[in-house]
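Peer 1: Provided below: run_39.pdb, containing PDB, C-alpha atoms and all ligand atoms.
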ATOM      1  CA  MET A   1      -9.684 -18.406 -19.878
ATOM      2  CA  LYS A   2      -7.589 -21.229 -21.330
ATOM      3  CA  LYS A   3      -4.617 -19.997 -19.332
ATOM      4  CA  LEU A   4      -6.544 -20.564 -16.095
ATOM      5  CA  LYS A   5      -7.263 -24.156 -17.183
ATOM      6  CA  ARG A   6      -3.528 -24.731 -17.555
ATOM      7  CA  VAL A   7      -2.885 -23.153 -14.148
ATOM      8  CA  GLN A   8      -5.541 -25.411 -12.631
ATOM      9  CA  LEU A   9      -3.887 -28.475 -14.180
ATOM     10  CA  MET A  10      -0.497 -27.425 -12.781
ATOM     11  CA  ILE A  11      -1.914 -26.700  -9.313
ATOM     12  CA  SER A  12      -3.728 -30.045  -9.202
ATOM     13  CA  ILE A  13      -0.934 -32.309 -10.494
ATOM     14  CA  THR A  14       2.219 -30.685  -9.049
ATOM     15  CA  PRO A  15       1.819 -32.069  -5.484
ATOM     16  CA  LYS A  16       1.292 -35.609  -6.860
ATOM     17  CA  VAL A  17       4.224 -35.328  -9.289
ATOM     18  CA  SER A  18       6.407 -33.985  -6.462
ATOM     19  CA  ILE A  19       5.577 -36.961  -4.229
ATOM     20  CA  ALA A  20       6.318 -39.379  -7.087
ATOM     21  CA  LEU A  21       9.642 -37.638  -7.765
ATOM     22  CA  ALA A  22      10.494 -37.694  -4.036
ATOM     23  CA  ILE A  23      10.008 -41.489  -4.032
ATOM     24  CA  ILE A  24      12.213 -41.768  -7.138
ATOM     25  CA  ALA A  25      14.868 -39.614  -5.415
ATOM     26  CA  CYS A  26      14.785 -41.929  -2.359
ATOM     27  CA  ILE A  27      15.208 -44.985  -4.594
ATOM     28  CA  PHE A  28      18.185 -43.369  -6.373
ATOM     29  CA  TYR A  29      19.683 -42.511  -2.986
ATOM     30  CA  ILE A  30      19.205 -46.046  -1.626
ATOM     31  CA  ILE A  31      20.783 -47.689  -4.690
ATOM     32  CA  ASN A  32      23.682 -45.255  -4.315
ATOM     33  CA  MET A  33      22.979 -43.141  -7.399
ATOM     34  CA  LYS A  34      23.359 -39.953  -5.419
ATOM     35  CA  ALA A  35      24.029 -37.666  -8.396
ATOM     36  CA  SER A  36      20.734 -38.754  -9.978
ATOM     37  CA  ALA A  37      18.965 -38.308  -6.635
ATOM     38  CA  TYR A  38      20.181 -34.685  -6.441
ATOM     39  CA  ILE A  39      18.992 -33.978 -10.007
ATOM     40  CA  VAL A  40      15.520 -35.299  -9.114
ATOM     41  CA  ILE A  41      15.506 -33.230  -5.896
ATOM     42  CA  GLY A  42      16.430 -30.178  -8.009
ATOM     43  CA  ALA A  43      13.458 -30.904 -10.282
ATOM     44  CA  ILE A  44      11.167 -31.092  -7.226
ATOM     45  CA  VAL A  45      12.437 -27.710  -5.997
ATOM     46  CA  ILE A  46      11.796 -26.123  -9.424
ATOM     47  CA  LEU A  47       8.287 -27.665  -9.502
ATOM     48  CA  LEU A  48       7.455 -26.386  -6.030
ATOM     49  CA  ILE A  49       8.723 -22.867  -6.811
ATOM     50  CA  THR A  50       6.588 -22.837  -9.987
ATOM     51  CA  TYR A  51       3.637 -24.106  -7.933
ATOM     52  CA  PHE A  52       3.940 -21.330  -5.345
ATOM     53  CA  ILE A  53       4.416 -18.606  -7.967
ATOM     54  CA  LEU A  54       1.357 -19.836  -9.901
ATOM     55  CA  SER A  55      -0.800 -20.148  -6.794
ATOM     56  CA  LEU A  56       0.158 -16.618  -5.730
ATOM     57  CA  THR A  57      -0.091 -14.886  -9.104
ATOM     58  CA  SER A  58      -2.367 -16.816 -11.477
ATOM     59  CA  TRP A  59      -4.626 -19.090  -9.417
ATOM     60  CA  ARG A  60      -7.219 -16.381  -8.787
ATOM     61  CA  CYS A  61     -10.851 -15.857  -9.642
ATOM     62  CA  PRO A  62     -11.167 -13.961 -12.957
ATOM     63  CA  HIS A  63     -14.241 -12.116 -11.602
ATOM     64  CA  CYS A  64     -13.341 -10.998  -8.055
ATOM     65  CA  HIS A  65      -9.569 -11.755  -8.120
ATOM     66  CA  GLN A  66      -9.656 -13.633  -4.825
ATOM     67  CA  TYR A  67      -7.192 -16.466  -4.297
ATOM     68  CA  LEU A  68      -8.657 -19.845  -5.166
ATOM     69  CA  PRO A  69      -8.109 -22.838  -2.849
ATOM     70  CA  THR A  70      -5.222 -25.168  -3.768
ATOM     71  CA  LYS A  71      -6.898 -28.143  -2.069
ATOM     72  CA  ASN A  72      -8.799 -30.228  -4.664
ATOM     73  CA  ALA A  73      -7.892 -27.524  -7.184
ATOM     74  CA  GLY A  74      -8.652 -29.846 -10.101
ATOM     75  CA  LYS A  75     -12.316 -30.077  -9.132
ATOM     76  CA  ILE A  76     -12.995 -26.369  -8.671
ATOM     77  CA  THR A  77     -15.385 -24.799 -11.169
ATOM     78  CA  LYS A  78     -16.862 -22.066  -8.968
ATOM     79  CA  CYS A  79     -15.208 -19.293  -7.014
ATOM     80  CA  PRO A  80     -15.839 -19.813  -3.268
ATOM     81  CA  ALA A  81     -15.870 -16.052  -2.709
ATOM     82  CA  CYS A  82     -18.279 -14.786  -5.404
ATOM     83  CA  GLN A  83     -19.865 -18.129  -6.507
ATOM     84  CA  LYS A  84     -19.255 -17.352 -10.190
ATOM     85  CA  LEU A  85     -17.991 -20.008 -12.588
ATOM     86  CA  ILE A  86     -14.254 -19.443 -12.964
ATOM     87  CA  PHE A  87     -14.103 -20.765 -16.541
ATOM     88  CA  GLU A  88     -17.181 -18.899 -17.709
ATOM     89  CA  ASP A  89     -16.664 -16.817 -20.801
ATOM     90  CA  LYS A  90     -17.046 -13.116 -20.127
ATOM     91  CA  LYS A  91     -19.058 -12.610 -23.369
ATOM     92  CA  SER A  92     -22.084 -14.229 -21.704
ATOM     93  CA  ASP A  93     -22.268 -11.195 -19.389
ATOM     94  CA  GLY A  94     -25.034  -8.730 -20.224
ATOM     95  CA  HIS A  95     -27.348 -11.173 -21.981
ATOM     96  CA  HIS A  96     -30.263 -11.596 -19.664
ATOM     97  CA  ASN A  97     -33.204 -12.500 -21.928
TER      98      ASN A  97
HETATM   99 ZN    ZN A 101     -14.699 -14.789  -7.432
END
Written as structure tokens, how would this file's structure read?
Peer 2:
Amino acid sequence: MKKLKRVQLMISITPKVSIALAIIACIFYIINMKASAYIVIGAIVILLITYFILSLTSWRCPHCHQYLPTKNAGKITKCPACQKLIFEDKKSDGHHN
């Protein structure tokens, strides 16, 4: 369950971090620090690859294994497909009194 929390954090912050890094890369490029700009661009590429791998492999509902939306990922607590809480502990299953 804790792993999914980490995945959610990555999915929610990676687009923002990528935009921030892209701005930094532009600044480096403008002030003629092209080598630094390319390093930052490389970091963005690595981030985006990680993002896509996570969203395809780990960002899924633990109950029905459907893909979870990447839009507003940080606010998701319920699976849109089966309506179950995605961070709910499985041990609560089977206690209905
Ligand atoms: Zn589900």
Peer 1: Using only C-alpha atoms and all ligand atoms, which residues of the polymer chains come no farther than 9 Å from ligand ZN 101 (chain A)? I'd like the answer as a list of chain:residue names.
Peer 2: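 Counting only C-alpha atoms and all ligand atoms, the residues within 9 Å of ligand ZN 101 (chain A) come out as A:Arg60, A:Cys61, A:Pro62, A:His63, A:Cys64, A:His65, A:Gln66, A:Tyr67, A:Leu68, A:Lys78, A:Cys79, A:Pro80, A:Ala81, A:Cys82, A:Gln83, A:Lys84, A:Leu85, A:Ile86.
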Peer 1: For the structure provided, state which residues fall under the PyMOL selection byres (((chain A and resi 73) around 10) and not hetatm), and present them as a PyMOL selection string.
Peer 2: chain A and resi 7-13+59+68-72+74-77
Peer 1: Which polymer residues have any atom within 12 Å of an atom of Ile27 of chain A, counting only C-alpha atoms, with same-chain residues fewer than 5 positions away left out, as a ChimeraX atom specification?
Peer 2: /A:20-22,32-34,36-38,40-41
Peer 1: So which residues are close to (6.5, -28.8, -12.6), meaning at most 10 Å away in the file's coordinates with only C-alpha atoms counted, and can you show them as number ranges by chain?
Peer 2: A: 10-11, 13-15, 17-18, 43-51
Peer 1: Quick one: pull the distance between atom CA of Phe52 of chain A and atom CA of Ile30 of chain A, Å, one decimal.
Peer 2: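 We find that atom CA of Phe52 of chain A and atom CA of Ile30 of chain A lie 29.3 Å from each other.
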Peer 1: Between atom CA of Lys16 of chain A and atom CA of Phe28 of chain A, what is the spacing in Å?
Peer 2: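 Taking atom CA of Phe28 of chain A and atom CA of Lys16 of chain A, their separation equals 18.6 Å.
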Peer 1: Would you compute the box with edges along x, y and z of the file around segment 2-13 of chain A, including every atom the file lists for it and 6 Å extra on each side, and give its centre and edge lengths in Å to one decimal, as AutoDock Vina command-line options?
Peer 2:
--center_x -4.0 --center_y -26.2 --center_z -15.3 --size_x 19.1 --size_y 24.3 --size_z 24.1
Peer 1: Could you tell me how far atom CA of Ile53 of chain A sits from atom CA of Ile19 of chain A, in Å to one decimal place?
Peer 2: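 These atoms are spaced 18.8 Å apart.
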